[in-house]
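S.K.: My questions will all concern the structure given below.
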Number of protein chains: 4
Amino acid sequence: MADLFWPGDERAGTVFDEAAFLTAMARVETAWLAALAVAGIARVDTTVDLTALVGPDDVEVVAAAAESGGNPVLPMLELLRSRTDRDTGAWLHRGLTSQDVVDTALMVCARDAIDRVLAEVDQHTVRLAELAAAHRTTVMAGRTLTQHAVPVTFGLTAARWLTGVLDARDALAAVDTPAQLGGAAGTSAAAVEIARLSGADDPAKVALELTAETAAALGLTDRSPWHTTRAPVTAIGDALVTATDAWGHIANDVLLLGRPEVGEVSEPSRGGSSTMPHKANPVLSMLIRRAALTGPGLTAQLHLAAAASVDERSDGAWQVEWSTLATLARRTVVAASQTTELLAGLEVHADRMAATVASAVDALLSEQRSIATKAGVDDGPADPASYLGLNDHFIDAALARHQETRP
Amino acid sequence: MADLFWPGDERAGTVFDEAAFLTAMARVETAWLAALAVAGIARVDTTVDLTALVGPDDVEVVAAAAESGGNPVLPMLELLRSRTDRDTGAWLHRGLTSQDVVDTALMVCARDAIDRVLAEVDQHTVRLAELAAAHRTTVMAGRTLTQHAVPVTFGLTAARWLTGVLDARDALAAVDTPAQLGGAAGTSAAAVEIARLSGADDPAKVALELTAETAAALGLTDRSPWHTTRAPVTAIGDALVTATDAWGHIANDVLLLGRPEVGEVSEPSRGGSSTMPHKANPVLSMLIRRAALTGPGLTAQLHLAAAASVDERSDGAWQVEWSTLATLARRTVVAASQTTELLAGLEVHADRMAATVASAVDALLSEQRSIATKAGVDDGPADPASYLGLNDHFIDAALARHQETRP
Amino acid sequence: MADLFWPGDERAGTVFDEAAFLTAMARVETAWLAALAVAGIARVDTTVDLTALVGPDDVEVVAAAAESGGNPVLPMLELLRSRTDRDTGAWLHRGLTSQDVVDTALMVCARDAIDRVLAEVDQHTVRLAELAAAHRTTVMAGRTLTQHAVPVTFGLTAARWLTGVLDARDALAAVDTPAQLGGAAGTSAAAVEIARLSGADDPAKVALELTAETAAALGLTDRSPWHTTRAPVTAIGDALVTATDAWGHIANDVLLLGRPEVGEVSEPSRGGSSTMPHKANPVLSMLIRRAALTGPGLTAQLHLAAAASVDERSDGAWQVEWSTLATLARRTVVAASQTTELLAGLEVHADRMAATVASAVDALLSEQRSIATKAGVDDGPADPASYLGLNDHFIDAALARHQETRP
Amino acid sequence: MADLFWPGDERAGTVFDEAAFLTAMARVETAWLAALAVAGIARVDTTVDLTALVGPDDVEVVAAAAESGGNPVLPMLELLRSRTDRDTGAWLHRGLTSQDVVDTALMVCARDAIDRVLAEVDQHTVRLAELAAAHRTTVMAGRTLTQHAVPVTFGLTAARWLTGVLDARDALAAVDTPAQLGGAAGTSAAAVEIARLSGADDPAKVALELTAETAAALGLTDRSPWHTTRAPVTAIGDALVTATDAWGHIANDVLLLGRPEVGEVSEPSRGGSSTMPHKANPVLSMLIRRAALTGPGLTAQLHLAAAASVDERSDGAWQVEWSTLATLARRTVVAASQTTELLAGLEVHADRMAATVASAVDALLSEQRSIATKAGVDDGPADPASYLGLNDHFIDAALARHQETRP
């Protein structure tokens, strides 16, 4: 998969793409059916694997038939039934509602995406920790409101980037991805009824076990139905955008520091121009920045959908989530990967940093001089390295926090 | 094309999909090359058609190679050059920059989408005019802040819907779709230089003619380069979202009036439930509402990209637009088509409207009674049809405005 | 009025502030009452001026009492009635509904804001036209994707800025601000009834005249009620954000070109730092950029409110608009004024532009050399001024468009 | 404080209003100055309280002078210096930068707002737990996609609302509010330098203590400077919007269930109409819904500002946050309070619920019948109470989770 409108999309591979979603829906049906079979309710093979019956080639037909019922579950079921035996077809989806399948499949895909992002993030933090440690004495001009302020180091800059990524890591690591298995209106009435009619002594207990087993089989957590309480979805969005925020900050800095007039860092060599072969464009940074500019809007859509929840299933708000979450997740995976590459190959031009500092030394040390004057002491030699405050401490704090995330 | 995450997407067919965009880029190159040839600059066949050389099967490879340069133009050129003769390949894209091709292709696709939406809108207005005229005496309860207010008619409701759609129609009809042909930094320097080296007497004049001819060949308007002045893009977004706003309003009303406890209108029969066969879900309305809930966010992305413009080509903001505009355009086409179907088959239950009015007549006429009391007159018979104010006038005004849009 | 959270807010003065809104609501009641009196319906003085009865000191009490009914009209009416004679009080607001008063007052305030913005915009365009004309030969480095591309001029940069502002001017000039006078559910039933009971021969005609006269008295246009067809509101948002987009682009360029490493323009001197007295921060640009970053989100709120319209008055969506529109309007006025000051005092450092060009001449002319090589000609002297393409033409086109807007 | 554009604003009292922000800034300066004095650096009284020197009457003058430097700190310092002795004035703000003061004051105000919201939330959960327990056998129609589905209970509905609020409570309780005390570019260089010149043995250690003590005095946590790593700000937004999402869901349900045709719940009596005295509008719900519709956009602004971070202080993005965060916080406090009142007085009409169920019993039990038919059993009596599945279990689970939050 690649996307002509979103260069770099292929980095996300099949994560949360349409085929992955279709497969995830089939996985949900498989896990539920197996639970029914294990419980002795469904008279079908307990090891049936419906995911083998659908594939990327089925996406188009399922998608094109989805409008009729408003979601893709009905056409997927029709397809599965046409490819399996009558008994399996008869027990398939018994006790579930479309939203159960869609929502649980969204969580399966989201879990995959979050895990992929976390794997990239762990590469970011390792590399940023290296940069922070390696450049703790590489003095550069601190810049505030676009103008030179006081000296900083590139190590501190890297430590700040690291802190942003660690904040995102905390948010991502805290995300819970629950299954949704509540039936028509979130009461699990059908599951209980089926269990009762199958002769269960405690149909409610059986229904709860069905849910627990299905969630476990899918690597998801168990939770009471959340058809119209959508915090599980918005929490994913909040975590993903916290990550794109952090990378956007890095990309903005690289884009500015990499302007020819500044020249203090360079992207790993890539890119080129259709008419000016000399140009080395900071492609990764600008594509990461692109993702960072769209993350907030996508996450806001998820919150808006949550805020518009109504009844036992929402009439339009719920349907907003699917494409929004998939798009946000894929873009985040792509940007994560691009950030890994950006950081891995980032070139730091300490000489240009030093040259900037040298030419701006008066401005950079004006605060120090002002303090000296107020204290009535001679202001001594103009050495930017003498005015770095808690540079080392802040770098060490970021490194220590990073170490806590290491196995 | 269909989209598993956006049921109904197939209604948009190939409008502004990836293959259409690839073809549009090839059309831009074709038109420019033809202009170069006609001007005697490029020594190639003036009737070359590069769009025949690329197709849907090429999307994946071009897309996957787009990240390297940050946009899909370079890989498309490489593909075209591999499939054409050396001379054509040599003259291809001479004088253009990637952004010219991407932006102009976006406008080609946007023009197609807008035309499609306008064609649907013209069906909406015809149908709404019929409903407004047919139901000008069908009294129903006016509802404000969810509660019964004073009587209205369903004809007036339809006239209000019509007004919203006509407002959108005005916005859509006013959209200008200019070509973008400015070269590396929007000066057309390369085009002038090529003209000069080809021996033109007035190279600037030739360059202007190249632009004018290319725009005309593509059905676009001519305009000075707008690489970082993006009002042409945001104006498209503003018009499209004005349309989804108007349809969202209709969908909201249908969803509410179609609730079983109200029952005053019904969607054309569709839908169904995976477990409750009796259910007739208002699928079209909820999918239209879905689009209406996402239009504002997508349009805001386009404005944000415009607001983040910088330099002669933006470093991330520009790249936000492609997917955003395509998504917004397709969703609008889909919702337009769904609205056509919704309105065409909408069932109006005048009996239920009358029943509601009868049961709520005291509330609906309390304002009228209050006026009578203040005027010291007997308040007469409680006839909701006697308290419709300018109902007829407002319906007629909407119908007249509609007539002005007819050929 | 100033706003501690939005430095510069005082530039907007009383435009669309709370007191202005309260006064505008009183103006609406005044105009309607006068129309009733002129029509011989209300037996009150035709020249009553209710706006003299309320002022800034009343804002708090009206605001604090607004929640009970969900909007500020009821408490304002109570206040007005307590300050006028019994007859006036009795006729006050007859035939109107709260939404009429709120919406029409919003339009009165919006009209004021738009006029203020347009007045600033006319200063922008004059100044930008001067800059474009004055600097048409001031060569500077064109920059794309942050890197040096081909030469441009500062005159062309100013012409681009001018074009963006002229696009916004077109959008602003096209905004219609209609009155809203439809009564409880948009039928004008109460107005017709009152006219009827006052003995009018043609009550409908009288009601239409009341509306027309009220709109005219307020400087607004006449339109059928638009309680839940909100394109008049969203069109204002679209125009205002198109303006902040254009100024944001200018601010971004000034912020970048004004970085010490580039130094090609400077803001008019202002600002300063709490600890570094040497610093001259580009305060105006960053505050303009701030507004540009928030305009899209505010406009999206207006569209979302429009898209959530329902019934004859919306249950939450309508109430979103008031604060959103006022905030957007004031911020736009503030940014307009800041842009006027920014442009008036903008310092252009042609020497630094020339120095950048000189140091980057190889990169800036590489495209020109490449064309020469392909043409097999000697590439001649490396003169950036020789590679400006249609620079003059594009500047002239912008200037000509500007001239068309001059009286 | 009240807000004519946002009815109900006065419920937030002074929380995060302009005066509170000014006072918070003075508190930050006070705490820092005291820390300097305790450390023996500043030769001033250790118990000075600058907050006594400024008040609501100073807001206007400080705000109006804030544009010059781009933020309100400089004019506040000028004011404080004019009202205190020379020594205090000389030591005031030493070692800090404007952003330290603004950001830390934002956190002081945010902490206050969050605590206020949590206090309301604890009232919500108690009331919702009561409703869930009291109505666990109150059968009502489950509604999905606007149509009748299977039976639920009002107790389950309340339990779902409770779950949404508990999700928000978790998010709010997890919010960290750190102080920001890093000096000009986040290195604490000035603090270290001042400590050094005052003769400290270990100036770095002293600087860290200054920070720790100041944070503690303000009730905030300590953290390395986060001038351009803004997750602390976005996390607040994410938590607040999660709350408005949850209340929006409740409000939507109340608005729908309270429509006259449904009539299953009513708001506590309030409101009224300017022309229709009989109307009882669901004012609280629609105002809560209003807040829920704007929360996502405001939170997205905070994320966008974070994503646009650059350098050691951002040039426009930072300035976006102040008004956005204050507005979001106040609106959330207002909506929290409105939700408390809504829930406290919510009237549940079990008779109407029963009537709906009775009239729709065939639809509501069609799934049950379908299961029976498939199982080949007689479908027994049509008793909606027999088809509630895990209703009790899900209510109990929500109640148990609620209990865990009780002291």
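So you can find residues: chains in the structure tokens are A, B, ... in the order shown, residues in each start at 1, and ligands are numbered from 1 in order.
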Give me, as a ChimeraX atom specification, the contact residues of chain C against chain D at a cut-off of 6 Å, counting only C-alpha atoms.

M.R.: /C:2-5,7-8,18,60,63-64,66-70,271-272,283,286-287,289-290,315-316,320,322-323

S.K.: Those residues with C-alpha atoms, as a compact mmCIF listing (two decimals), in the first residue's frame please?

M.R.:
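The result, written out as out_36.txt:
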```txt
# COMPACT_ATOMS: atom_id res chain seq x y z
CA ALA C 2 -8.23 44.75 26.45
CA ASP C 3 -7.69 41.07 27.07
CA LEU C 4 -4.95 39.76 29.29
CA PHE C 5 -4.99 36.47 27.38
CA PRO C 7 -2.31 40.92 23.79
CA GLY C 8 -3.36 43.55 21.29
CA GLU C 18 -20.16 42.46 24.96
CA GLU C 60 -22.88 41.96 33.73
CA ALA C 63 -25.20 38.26 31.08
CA ALA C 64 -25.64 36.73 34.50
CA ALA C 66 -29.04 34.94 30.46
CA GLU C 67 -28.68 31.30 31.40
CA SER C 68 -32.19 30.93 32.69
CA GLY C 69 -33.73 31.29 29.26
CA GLY C 70 -30.62 30.23 27.42
CA GLY C 271 9.01 44.82 21.97
CA GLY C 272 11.87 43.93 24.19
CA VAL C 283 6.05 40.99 18.27
CA MET C 286 4.15 36.59 16.00
CA LEU C 287 0.85 37.98 17.23
CA ARG C 289 0.71 34.45 13.24
CA ARG C 290 -1.06 33.57 16.47
CA ASP C 315 -30.53 22.86 20.57
CA GLY C 316 -26.91 23.75 21.27
CA VAL C 320 -22.02 27.83 19.80
CA TRP C 322 -22.17 33.74 19.49
CA SER C 323 -18.88 33.59 21.29
```

S.K.: Give me, as a list in words, all polymer residues having an atom no more than 10 Å from Ala355 in chain B, counting only C-alpha atoms and skipping those fewer than 4 positions away in the same chain.

M.R.: Met140, Ala141, Val262, Glu264, Ala350, Asp351, Ser359, Ala360 and Val361 of chain B

S.K.: Tell me which protein, DNA and RNA residues are within 7 Å of Ala171 in chain C, counting only C-alpha atoms, leaving out same-chain ones fewer than 4 positions away, and put them as a list in words.

M.R.: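 These residues fall inside the cut-off: Asp167, Val175 and Ala239 of chain C.
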
S.K.: Using DSSP on the backbone coordinates, identify all residues within range 204-326 of chain D classified as alpha helix (DSSP H); present the result as number ranges by chain.

M.R.: D: 204-217, 231-257, 283-307, 317-326

S.K.: Generate a file of the selected residues that holds C-alpha atoms, formatted as a PDB file, in the first residue's frame.

M.R.:
```pdb
ATOM      1  CA  ALA D 204      23.526  24.657  40.426  1.00  0.00           C
ATOM      2  CA  LYS D 205      22.182  23.034  43.562  1.00  0.00           C
ATOM      3  CA  VAL D 206      20.817  26.360  44.732  1.00  0.00           C
ATOM      4  CA  ALA D 207      19.122  26.958  41.417  1.00  0.00           C
ATOM      5  CA  LEU D 208      17.461  23.553  41.607  1.00  0.00           C
ATOM      6  CA  GLU D 209      16.277  24.305  45.113  1.00  0.00           C
ATOM      7  CA  LEU D 210      14.815  27.618  43.993  1.00  0.00           C
ATOM      8  CA  THR D 211      12.797  25.786  41.409  1.00  0.00           C
ATOM      9  CA  ALA D 212      11.667  23.047  43.752  1.00  0.00           C
ATOM     10  CA  GLU D 213      10.614  25.483  46.442  1.00  0.00           C
ATOM     11  CA  THR D 214       8.756  27.720  44.065  1.00  0.00           C
ATOM     12  CA  ALA D 215       6.859  24.802  42.560  1.00  0.00           C
ATOM     13  CA  ALA D 216       5.977  23.492  46.000  1.00  0.00           C
ATOM     14  CA  ALA D 217       4.779  26.883  47.185  1.00  0.00           C
ATOM     15  CA  ALA D 231       2.635  17.897  26.550  1.00  0.00           C
ATOM     16  CA  PRO D 232       1.798  19.331  29.991  1.00  0.00           C
ATOM     17  CA  VAL D 233      -0.565  21.752  28.272  1.00  0.00           C
ATOM     18  CA  THR D 234      -2.090  19.323  25.805  1.00  0.00           C
ATOM     19  CA  ALA D 235      -2.683  16.739  28.526  1.00  0.00           C
ATOM     20  CA  ILE D 236      -4.867  19.258  30.332  1.00  0.00           C
ATOM     21  CA  GLY D 237      -6.841  19.856  27.170  1.00  0.00           C
ATOM     22  CA  ASP D 238      -7.240  16.138  26.556  1.00  0.00           C
ATOM     23  CA  ALA D 239      -8.615  15.596  30.044  1.00  0.00           C
ATOM     24  CA  LEU D 240     -10.988  18.554  29.928  1.00  0.00           C
ATOM     25  CA  VAL D 241     -12.442  17.572  26.575  1.00  0.00           C
ATOM     26  CA  THR D 242     -12.872  14.012  27.736  1.00  0.00           C
ATOM     27  CA  ALA D 243     -15.132  15.479  30.390  1.00  0.00           C
ATOM     28  CA  THR D 244     -17.146  17.642  28.012  1.00  0.00           C
ATOM     29  CA  ASP D 245     -17.468  14.625  25.709  1.00  0.00           C
ATOM     30  CA  ALA D 246     -19.026  12.632  28.535  1.00  0.00           C
ATOM     31  CA  TRP D 247     -21.451  15.394  29.515  1.00  0.00           C
ATOM     32  CA  GLY D 248     -22.306  16.048  25.885  1.00  0.00           C
ATOM     33  CA  HIS D 249     -23.408  12.454  25.582  1.00  0.00           C
ATOM     34  CA  ILE D 250     -25.674  12.863  28.617  1.00  0.00           C
ATOM     35  CA  ALA D 251     -27.063  16.120  27.277  1.00  0.00           C
ATOM     36  CA  ASN D 252     -27.782  14.606  23.882  1.00  0.00           C
ATOM     37  CA  ASP D 253     -29.702  11.779  25.499  1.00  0.00           C
ATOM     38  CA  VAL D 254     -31.667  14.153  27.712  1.00  0.00           C
ATOM     39  CA  LEU D 255     -32.498  16.387  24.752  1.00  0.00           C
ATOM     40  CA  LEU D 256     -33.800  13.448  22.764  1.00  0.00           C
ATOM     41  CA  LEU D 257     -35.571  11.638  25.557  1.00  0.00           C
ATOM     42  CA  VAL D 283     -31.715  24.947  28.707  1.00  0.00           C
ATOM     43  CA  LEU D 284     -29.098  23.131  30.732  1.00  0.00           C
ATOM     44  CA  SER D 285     -28.772  20.284  28.274  1.00  0.00           C
ATOM     45  CA  MET D 286     -28.468  22.519  25.273  1.00  0.00           C
ATOM     46  CA  LEU D 287     -25.843  24.664  26.994  1.00  0.00           C
ATOM     47  CA  ILE D 288     -23.900  21.566  28.000  1.00  0.00           C
ATOM     48  CA  ARG D 289     -24.179  20.283  24.443  1.00  0.00           C
ATOM     49  CA  ARG D 290     -22.892  23.653  23.264  1.00  0.00           C
ATOM     50  CA  ALA D 291     -19.770  23.231  25.388  1.00  0.00           C
ATOM     51  CA  ALA D 292     -19.310  19.693  24.139  1.00  0.00           C
ATOM     52  CA  LEU D 293     -19.417  20.898  20.545  1.00  0.00           C
ATOM     53  CA  THR D 294     -16.613  23.411  21.148  1.00  0.00           C
ATOM     54  CA  GLY D 295     -14.301  21.394  23.384  1.00  0.00           C
ATOM     55  CA  PRO D 296     -12.721  19.364  20.575  1.00  0.00           C
ATOM     56  CA  GLY D 297     -11.817  22.455  18.569  1.00  0.00           C
ATOM     57  CA  LEU D 298     -10.217  24.184  21.527  1.00  0.00           C
ATOM     58  CA  THR D 299      -8.210  21.117  22.448  1.00  0.00           C
ATOM     59  CA  ALA D 300      -7.087  20.786  18.859  1.00  0.00           C
ATOM     60  CA  GLN D 301      -5.756  24.341  19.084  1.00  0.00           C
ATOM     61  CA  LEU D 302      -3.592  23.332  22.025  1.00  0.00           C
ATOM     62  CA  HIS D 303      -2.220  20.364  20.117  1.00  0.00           C
ATOM     63  CA  LEU D 304      -1.637  22.516  17.070  1.00  0.00           C
ATOM     64  CA  ALA D 305       0.318  24.973  19.199  1.00  0.00           C
ATOM     65  CA  ALA D 306       2.365  22.101  20.578  1.00  0.00           C
ATOM     66  CA  ALA D 307       2.991  20.748  17.090  1.00  0.00           C
ATOM     67  CA  ALA D 317       2.247  29.033  18.721  1.00  0.00           C
ATOM     68  CA  TRP D 318       2.911  29.645  22.385  1.00  0.00           C
ATOM     69  CA  GLN D 319       0.738  32.740  22.374  1.00  0.00           C
ATOM     70  CA  VAL D 320      -2.167  30.700  21.019  1.00  0.00           C
ATOM     71  CA  GLU D 321      -2.390  28.718  24.222  1.00  0.00           C
ATOM     72  CA  TRP D 322      -3.315  31.349  26.800  1.00  0.00           C
ATOM     73  CA  SER D 323      -6.772  32.325  25.658  1.00  0.00           C
ATOM     74  CA  THR D 324      -7.482  28.832  24.388  1.00  0.00           C
ATOM     75  CA  LEU D 325      -6.680  27.117  27.658  1.00  0.00           C
ATOM     76  CA  ALA D 326      -8.531  29.703  29.727  1.00  0.00           C
TER      77      ALA D 326
END
```

S.K.: Would you compute the distance between CA of Ala110 in chain B and CA of Val48 in chain B? Give it in Å to one decimal.

M.R.: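 Separation of CA of Ala110 in chain B and CA of Val48 in chain B: 24.3 Å.
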
S.K.: Run DSSP on the backbone and grab whatever in range 204-321 of chain A lands in strand (DSSP E or B); send it over as a ChimeraX atom specification.

M.R.: /A:221,265-266,313

S.K.: Within 8 Å of Leu181 in chain C, counting only C-alpha atoms, which residues qualify if same-chain residues fewer than 5 places away don't, as a list in words?

M.R.: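 The neighbour list is Leu96, Thr97, Asp100, Val101, Thr104, Gly186, Ser188, Thr211, Ser224 and Pro225 of chain C.
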
S.K.: Please dump the current selection as a PDB file, in the first residue's frame; keep C-alpha atoms.

M.R.:
```pdb
ATOM      1  CA  LEU C  96     -40.066  38.781  17.471  1.00  0.00           C
ATOM      2  CA  THR C  97     -38.384  35.784  19.030  1.00  0.00           C
ATOM      3  CA  ASP C 100     -34.315  37.132  15.831  1.00  0.00           C
ATOM      4  CA  VAL C 101     -32.785  39.625  18.210  1.00  0.00           C
ATOM      5  CA  THR C 104     -29.734  40.294  13.895  1.00  0.00           C
ATOM      6  CA  GLY C 186     -39.576  31.513  11.334  1.00  0.00           C
ATOM      7  CA  SER C 188     -43.574  35.606  11.034  1.00  0.00           C
ATOM      8  CA  THR C 211     -39.076  43.308   8.170  1.00  0.00           C
ATOM      9  CA  SER C 224     -36.374  35.109   4.609  1.00  0.00           C
ATOM     10  CA  PRO C 225     -35.743  33.751   8.111  1.00  0.00           C
TER      11      PRO C 225
END
```

S.K.: Neighbours of Arg169 in chain C within 8 Å (only C-alpha atoms; same-chain residues fewer than 4 positions away dropped), as an mmCIF file with N, CA and C atoms, in the first residue's frame?

M.R.:
```cif
data_model
loop_
_atom_site.group_PDB
_atom_site.id
_atom_site.type_symbol
_atom_site.label_atom_id
_atom_site.label_comp_id
_atom_site.auth_asym_id
_atom_site.auth_seq_id
_atom_site.Cartn_x
_atom_site.Cartn_y
_atom_site.Cartn_z
ATOM 1 N N LEU C 118 -12.088 45.804 6.456
ATOM 2 C CA LEU C 118 -11.907 46.290 5.089
ATOM 3 C C LEU C 118 -11.128 47.603 5.066
ATOM 4 N N VAL C 121 -7.635 46.661 5.487
ATOM 5 C CA VAL C 121 -7.171 45.975 4.282
ATOM 6 C C VAL C 121 -6.831 46.988 3.188
ATOM 7 N N VAL C 165 -3.935 39.335 0.081
ATOM 8 C CA VAL C 165 -4.807 40.297 0.748
ATOM 9 C C VAL C 165 -5.967 40.689 -0.171
ATOM 10 N N ALA C 173 -15.629 41.640 0.828
ATOM 11 C CA ALA C 173 -16.561 42.563 0.162
ATOM 12 C C ALA C 173 -17.832 41.843 -0.280
ATOM 13 N N ALA C 243 -8.835 36.239 5.389
ATOM 14 C CA ALA C 243 -7.977 37.383 5.712
ATOM 15 C C ALA C 243 -6.851 36.991 6.664
#
```
